[in-house]
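> Take this structure, written in structure tokens, and hold onto it; I'll ask about it next.
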Amino acid sequence: MRLILWDTDGNFESHIFTSAHVAGASGAVIVSDISRPETMAVAVDFCHRFADKFPGRPLRPIINKCDLVADPKAILVPDFSPYKPLYASAKTGDGVGELFRSIGEAIWRRGFERA
């Protein structure tokens, strides 16, 4: 499996869903920054809008930069339900392998379910 990642650079305007990159995506990784709480609220909204626009496509919310805080699980985060965010650090690599494994498996399973 080959994964291609597109960084939308925080551009969460409604027109993002019409871009070829997002519309053609098999899944989504929605990244927020634990040191910037406003990004988590935007990520929750984006998760729900992606799921509404592209039902059944896997998505995985990520709370990144967890290396910047002593106890990431002690930080109050918004409710991502029904999605469970993965705590990660791109800097240290913590959680990154789990992210790609989980989204890859979800995309793979979806391919078999649709076949």
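Labels used: A, B, ... for chains in the order of the structure tokens, numbers from 1 for residues in each chain, and numbers from 1 for ligands as shown.
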I'd like the contact shell of region 47-64 of chain A - 8 Å cut-off, only C-alpha atoms, skipping same-chain residues fewer than 2 positions apart - returned as an MDAnalysis selection string.
chainID A and resid 17 23 26:34 40 43:45 66 80 83:90 99 103 106:107 110
> From a backbone DSSP assignment, name each residue in region 62-114 of chain A labelled strand (DSSP E), as a list in words.
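The strand (DSSP E) subset of region 62-114 of chain A is Ile62, Ile63, Asn64, Leu86 and Tyr87 of chain A.
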> Would you list the contacts of Gly93 (chain A) as an MDAnalysis selection string, taking every protein, DNA or RNA residue within 10 Å and counting only C-alpha atoms, but skipping same-chain residues closer than 5 positions in sequence?
chainID A and resid 65 67 88 98
> Keeping C-alpha atoms, export the residues of the selection given above as a compact mmCIF listing (two decimals), in the first residue's frame.

```
# COMPACT_ATOMS: atom_id res chain seq x y z
CA LYS A 65 3.37 17.69 19.57
CA ASP A 67 6.49 15.91 23.41
CA ALA A 88 1.61 11.52 18.86
CA GLU A 98 0.52 3.39 15.06
```
> Let me make sure I understand: among A:Ser35, A:Phe46, A:Ala41, A:Leu5, which one has the smallest atom-to-atom distance to Ala70 (chain A) if we use only C-alpha atoms?
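Going through A:Ser35, A:Phe46, A:Ala41, A:Leu5 one by one, the smallest distance to Ala70 (chain A) is for A:Ser35.
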> In Å, with one decimal, what is the gap from CA of Ser102 (chain A) to CA of Gly24 (chain A)?
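Between these atoms lies a distance of 19.5 Å.
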> Would you mind writing down, as a PyMOL selection string, each residue of chain A that DSSP on the backbone assigns to helix (DSSP H, G or I)?
chain A and resi 14-18+20-23+37-53+66-68+72-74+96-114
> Work out how far CA of Pro72 (chain A) is from CA of Glu38 (chain A), in Å to one decimal.
15.8 Å
